[in-house]
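Novice: Have a look at this one.
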Amino acid sequence: RQPIVIAPSILSADFARLGADAQKALDAGADWLHFDVMDNHYVPNLSIGPQVCKALRDYGISAPIDVHLMVTPVDRIVPDFAAAGATRISFHPEASAHVDRTLQLIRSHGCMTGLVLNPATPLQWLDWTLHQLDLVLLMSVNPGFGGQAFIPATLDKLRVVRARIDSSGRDVRLEVDGGINHDTIGAAAGAGADTFVAGSAVFGKPDYRAVIGDLRARAAA
Ligand code: DX5
Ligand code: ZN
């Protein structure tokens with residue numbers, strides 16, 4: 001199993017001081033930054049785009065930036081995020097007209113690929129894509145907002161995807177996003193997740209180092 005990754009979602013960061021707040025989370029032990037892109041179309045909320053990703057790079061953020069696209073169409077924005085410094089680009093298959101094409105597009109721009117499955121989205125999307133994926137992201141809330149409660153059925157889904165990844169023999173991360181906190185991370189790790197997005201559990205809390213250390217310890221237990 002790969003080392004655990006903790007990826008704070010900057011959706012819950014202080015947008016008026018975004019660079020400093022993001023760097024603070026990294027200095028406190030975060031591995032990646034999770035970057036939620038919402039278009040008020042695929043999801044009922046609006047957030048940030050490639051300009052903000054580039055601004056974080058220009059500010060000096062060197063950690064991996066894990067871009068989670070909640071937009072449709074997908075393809076038009078992929079080159080912009082690659083140019084803005086994205087490390088990984090993940091998208092929802094039902095938001096892309098041609099999933100294979102989008103995966104090839106992400107790779108051709110030098111980024112790693114991820115497919116994101118909502119709570120009610122079937123795992124069949126992995127049937128003809130897993131060989132092109134660097135990451136599978138299972139949503140443990142319905143996308144659009146931070147601070148929602150973890151949906152427990154995600155645990156069974158994680159176990160199924162874990163087995164599929166293991167039997168593929170490929171190096172694919174299994175990420176979980178939504179409602180991850182000190183109460184839920186242990187069960188998600190036990191079900192096979194190795195990469196954990198946490199927004200409201202980290203940002204705005206008085207001691208980022210304590211929270212991230214606690215999350216990592218509970219995920220490793
Ligand atoms: C939801 C986003 C999540 C969100 C997680 O659509 O994809 O990344 O920021 O927030 P928390 O950790 O607060 O559930
Ligand atoms: Zn996300």
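Letters A, B, ... mark the chains of the structure tokens in the order given; residue numbers begin at 1 per chain; ligand numbers begin at 1, in order shown.
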Determine which residues of region 13-194 of chain A receive a DSSP assignment of helix (DSSP H, G or I), computed from the backbone, and state them as a ChimeraX atom specification.

Specialist: /A:15-27,50-59,75-83,93-95,99-108,123-126,130-132,154-168,185-190

Novice: With only C-alpha atoms and all ligand atoms counted, collect every polymer residue having an atom within 9 Å of ligand 2; state the result as a PDB file with C-alpha atoms, in the first residue's frame.

Specialist:
ATOM      1  CA  SER A   9      -9.366  21.225   0.309  1.00  0.00           C
ATOM      2  CA  LEU A  11     -12.481  25.384  -0.662  1.00  0.00           C
ATOM      3  CA  HIS A  34      -7.009  19.725  -3.135  1.00  0.00           C
ATOM      4  CA  PHE A  35      -8.402  22.343  -5.532  1.00  0.00           C
ATOM      5  CA  ASP A  36     -12.204  22.262  -6.018  1.00  0.00           C
ATOM      6  CA  VAL A  37     -13.446  23.787  -9.262  1.00  0.00           C
ATOM      7  CA  ASP A  66      -4.887  17.996  -6.952  1.00  0.00           C
ATOM      8  CA  VAL A  67      -7.467  19.639  -9.209  1.00  0.00           C
ATOM      9  CA  HIS A  68     -11.029  18.319  -8.837  1.00  0.00           C
ATOM     10  CA  LEU A  69     -13.109  19.542 -11.762  1.00  0.00           C
ATOM     11  CA  MET A  70     -16.838  19.805 -11.083  1.00  0.00           C
ATOM     12  CA  LEU A 137     -11.767   9.567  -6.353  1.00  0.00           C
ATOM     13  CA  MET A 139     -17.167  11.171  -3.427  1.00  0.00           C
ATOM     14  CA  PRO A 143     -20.449  17.433  -4.785  1.00  0.00           C
ATOM     15  CA  GLY A 144     -20.908  21.173  -4.474  1.00  0.00           C
ATOM     16  CA  PHE A 145     -20.264  22.153  -0.871  1.00  0.00           C
ATOM     17  CA  GLY A 146     -17.853  21.667   1.962  1.00  0.00           C
ATOM     18  CA  VAL A 176     -12.048   9.863  -0.764  1.00  0.00           C
ATOM     19  CA  ASP A 177     -13.619  13.341  -0.623  1.00  0.00           C
ATOM     20  CA  GLY A 178     -16.354  14.723   1.606  1.00  0.00           C
ATOM     21  CA  VAL A 197      -9.428  15.180   1.172  1.00  0.00           C
ATOM     22  CA  ALA A 198     -10.412  17.251   4.193  1.00  0.00           C
ATOM     23  CA  GLY A 199     -11.717  20.791   3.941  1.00  0.00           C
TER      24      GLY A 199
END

Novice: Using only C-alpha atoms, which protein or nucleic acid residues come within 12 Å of Arg162 (chain A)? Drop anything in the same chain fewer than 6 positions from it, and give the result as a list of chain:residue names.

Specialist: A:Arg1, A:Leu123, A:Leu135, A:Val136, A:Leu137, A:Leu138, A:Thr154, A:Leu155, A:Asp156, A:Ser168, A:Gly169, A:Arg170, A:Asp171, A:Val172, A:Arg173, A:Leu174, A:Glu175, A:Val176, A:Ala188, A:Ala189, A:Gly190, A:Ala191, A:Gly192, A:Ala193, A:Asp194

Novice: How would the residues just chosen look if you wrote them out with N, CA and C atoms as a PDB file, in the first residue's frame?

Specialist:
ATOM      1  N   ARG A   1       0.837  -1.192   0.000  1.00  0.00           N
ATOM      2  CA  ARG A   1       0.000   0.000   0.000  1.00  0.00           C
ATOM      3  C   ARG A   1       0.883   1.258   0.000  1.00  0.00           C
ATOM      4  N   LEU A 123     -19.805   1.916 -10.594  1.00  0.00           N
ATOM      5  CA  LEU A 123     -18.378   1.636 -10.784  1.00  0.00           C
ATOM      6  C   LEU A 123     -18.066   1.174 -12.203  1.00  0.00           C
ATOM      7  N   LEU A 135      -5.533   7.811 -10.470  1.00  0.00           N
ATOM      8  CA  LEU A 135      -6.284   8.028  -9.237  1.00  0.00           C
ATOM      9  C   LEU A 135      -7.767   7.762  -9.492  1.00  0.00           C
ATOM     10  N   VAL A 136      -8.408   7.145  -8.519  1.00  0.00           N
ATOM     11  CA  VAL A 136      -9.878   7.064  -8.494  1.00  0.00           C
ATOM     12  C   VAL A 136     -10.319   7.836  -7.268  1.00  0.00           C
ATOM     13  N   LEU A 137     -11.247   8.763  -7.468  1.00  0.00           N
ATOM     14  CA  LEU A 137     -11.767   9.567  -6.353  1.00  0.00           C
ATOM     15  C   LEU A 137     -13.226   9.186  -6.123  1.00  0.00           C
ATOM     16  N   LEU A 138     -13.509   8.649  -4.961  1.00  0.00           N
ATOM     17  CA  LEU A 138     -14.900   8.378  -4.602  1.00  0.00           C
ATOM     18  C   LEU A 138     -15.417   9.518  -3.750  1.00  0.00           C
ATOM     19  N   THR A 154     -20.376   4.795   1.166  1.00  0.00           N
ATOM     20  CA  THR A 154     -19.072   4.939   0.492  1.00  0.00           C
ATOM     21  C   THR A 154     -18.092   3.862   0.935  1.00  0.00           C
ATOM     22  N   LEU A 155     -18.243   3.367   2.151  1.00  0.00           N
ATOM     23  CA  LEU A 155     -17.273   2.390   2.664  1.00  0.00           C
ATOM     24  C   LEU A 155     -17.311   1.104   1.840  1.00  0.00           C
ATOM     25  N   ASP A 156     -18.521   0.617   1.538  1.00  0.00           N
ATOM     26  CA  ASP A 156     -18.620  -0.594   0.711  1.00  0.00           C
ATOM     27  C   ASP A 156     -18.042  -0.346  -0.682  1.00  0.00           C
ATOM     28  N   SER A 168      -5.658  -5.123 -10.424  1.00  0.00           N
ATOM     29  CA  SER A 168      -5.095  -4.568 -11.665  1.00  0.00           C
ATOM     30  C   SER A 168      -3.570  -4.559 -11.617  1.00  0.00           C
ATOM     31  N   GLY A 169      -3.016  -4.562 -10.418  1.00  0.00           N
ATOM     32  CA  GLY A 169      -1.558  -4.493 -10.285  1.00  0.00           C
ATOM     33  C   GLY A 169      -0.988  -3.122 -10.603  1.00  0.00           C
ATOM     34  N   ARG A 170      -1.857  -2.161 -10.866  1.00  0.00           N
ATOM     35  CA  ARG A 170      -1.377  -0.825 -11.236  1.00  0.00           C
ATOM     36  C   ARG A 170      -1.273   0.070 -10.004  1.00  0.00           C
ATOM     37  N   ASP A 171      -0.492   1.126 -10.177  1.00  0.00           N
ATOM     38  CA  ASP A 171      -0.218   2.074  -9.114  1.00  0.00           C
ATOM     39  C   ASP A 171      -1.274   3.197  -9.209  1.00  0.00           C
ATOM     40  N   VAL A 172      -2.417   2.955  -8.603  1.00  0.00           N
ATOM     41  CA  VAL A 172      -3.533   3.905  -8.700  1.00  0.00           C
ATOM     42  C   VAL A 172      -3.928   4.325  -7.286  1.00  0.00           C
ATOM     43  N   ARG A 173      -3.969   5.607  -7.051  1.00  0.00           N
ATOM     44  CA  ARG A 173      -4.392   6.082  -5.731  1.00  0.00           C
ATOM     45  C   ARG A 173      -5.913   5.996  -5.587  1.00  0.00           C
ATOM     46  N   LEU A 174      -6.359   5.708  -4.375  1.00  0.00           N
ATOM     47  CA  LEU A 174      -7.792   5.665  -4.070  1.00  0.00           C
ATOM     48  C   LEU A 174      -8.081   6.782  -3.069  1.00  0.00           C
ATOM     49  N   GLU A 175      -8.740   7.812  -3.588  1.00  0.00           N
ATOM     50  CA  GLU A 175      -8.973   9.035  -2.809  1.00  0.00           C
ATOM     51  C   GLU A 175     -10.437   9.105  -2.395  1.00  0.00           C
ATOM     52  N   VAL A 176     -10.682   9.678  -1.246  1.00  0.00           N
ATOM     53  CA  VAL A 176     -12.048   9.863  -0.764  1.00  0.00           C
ATOM     54  C   VAL A 176     -12.224  11.337  -0.397  1.00  0.00           C
ATOM     55  N   ALA A 188     -12.708   5.018   6.560  1.00  0.00           N
ATOM     56  CA  ALA A 188     -12.395   5.156   5.133  1.00  0.00           C
ATOM     57  C   ALA A 188     -11.048   4.500   4.820  1.00  0.00           C
ATOM     58  N   ALA A 189     -10.087   4.666   5.701  1.00  0.00           N
ATOM     59  CA  ALA A 189      -8.779   4.018   5.509  1.00  0.00           C
ATOM     60  C   ALA A 189      -8.926   2.501   5.610  1.00  0.00           C
ATOM     61  N   GLY A 190      -9.708   2.051   6.564  1.00  0.00           N
ATOM     62  CA  GLY A 190      -9.915   0.616   6.733  1.00  0.00           C
ATOM     63  C   GLY A 190     -10.577  -0.011   5.516  1.00  0.00           C
ATOM     64  N   ALA A 191     -11.386   0.786   4.809  1.00  0.00           N
ATOM     65  CA  ALA A 191     -12.064   0.292   3.608  1.00  0.00           C
ATOM     66  C   ALA A 191     -11.172   0.376   2.367  1.00  0.00           C
ATOM     67  N   GLY A 192      -9.975   0.970   2.516  1.00  0.00           N
ATOM     68  CA  GLY A 192      -9.020   0.927   1.410  1.00  0.00           C
ATOM     69  C   GLY A 192      -8.576   2.257   0.839  1.00  0.00           C
ATOM     70  N   ALA A 193      -9.115   3.366   1.317  1.00  0.00           N
ATOM     71  CA  ALA A 193      -8.651   4.665   0.810  1.00  0.00           C
ATOM     72  C   ALA A 193      -7.214   4.920   1.267  1.00  0.00           C
ATOM     73  N   ASP A 194      -6.408   5.569   0.407  1.00  0.00           N
ATOM     74  CA  ASP A 194      -5.040   5.934   0.801  1.00  0.00           C
ATOM     75  C   ASP A 194      -4.787   7.435   0.676  1.00  0.00           C
TER      76      ASP A 194
END

Novice: Just checking: using only C-alpha atoms, which residue out of A:Ile4, A:Cys111, A:Val141, A:Ala187 ends up closest to Arg159 (chain A)?

Specialist: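 Closest to Arg159 (chain A), using only C-alpha atoms: A:Ala187.
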
Novice: I'd like to know which of A:Gln2, A:Tyr208, A:Ser200, A:Pro152 is closest to Gln23 (chain A), using only C-alpha atoms.

Specialist: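 Looking at the shortest contact to Gln23 (chain A), the residue is A:Tyr208.
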
Novice: Between A:Asp39, A:Asp80, A:Asp214, A:Asp21, which is the closest to ligand 1 once you count only C-alpha atoms and all ligand atoms?

Specialist: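 Of A:Asp39, A:Asp80, A:Asp214, A:Asp21, the one nearest ligand 1 is A:Asp39, counting only C-alpha atoms and all ligand atoms.
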
Novice: Which is closer to Ser62 (chain A) than all the others in A:Leu46, A:Val161, A:Ala120, A:Ala86, using only C-alpha atoms?

Specialist: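 Among the listed residues, A:Ala86 lies closest to Ser62 (chain A).
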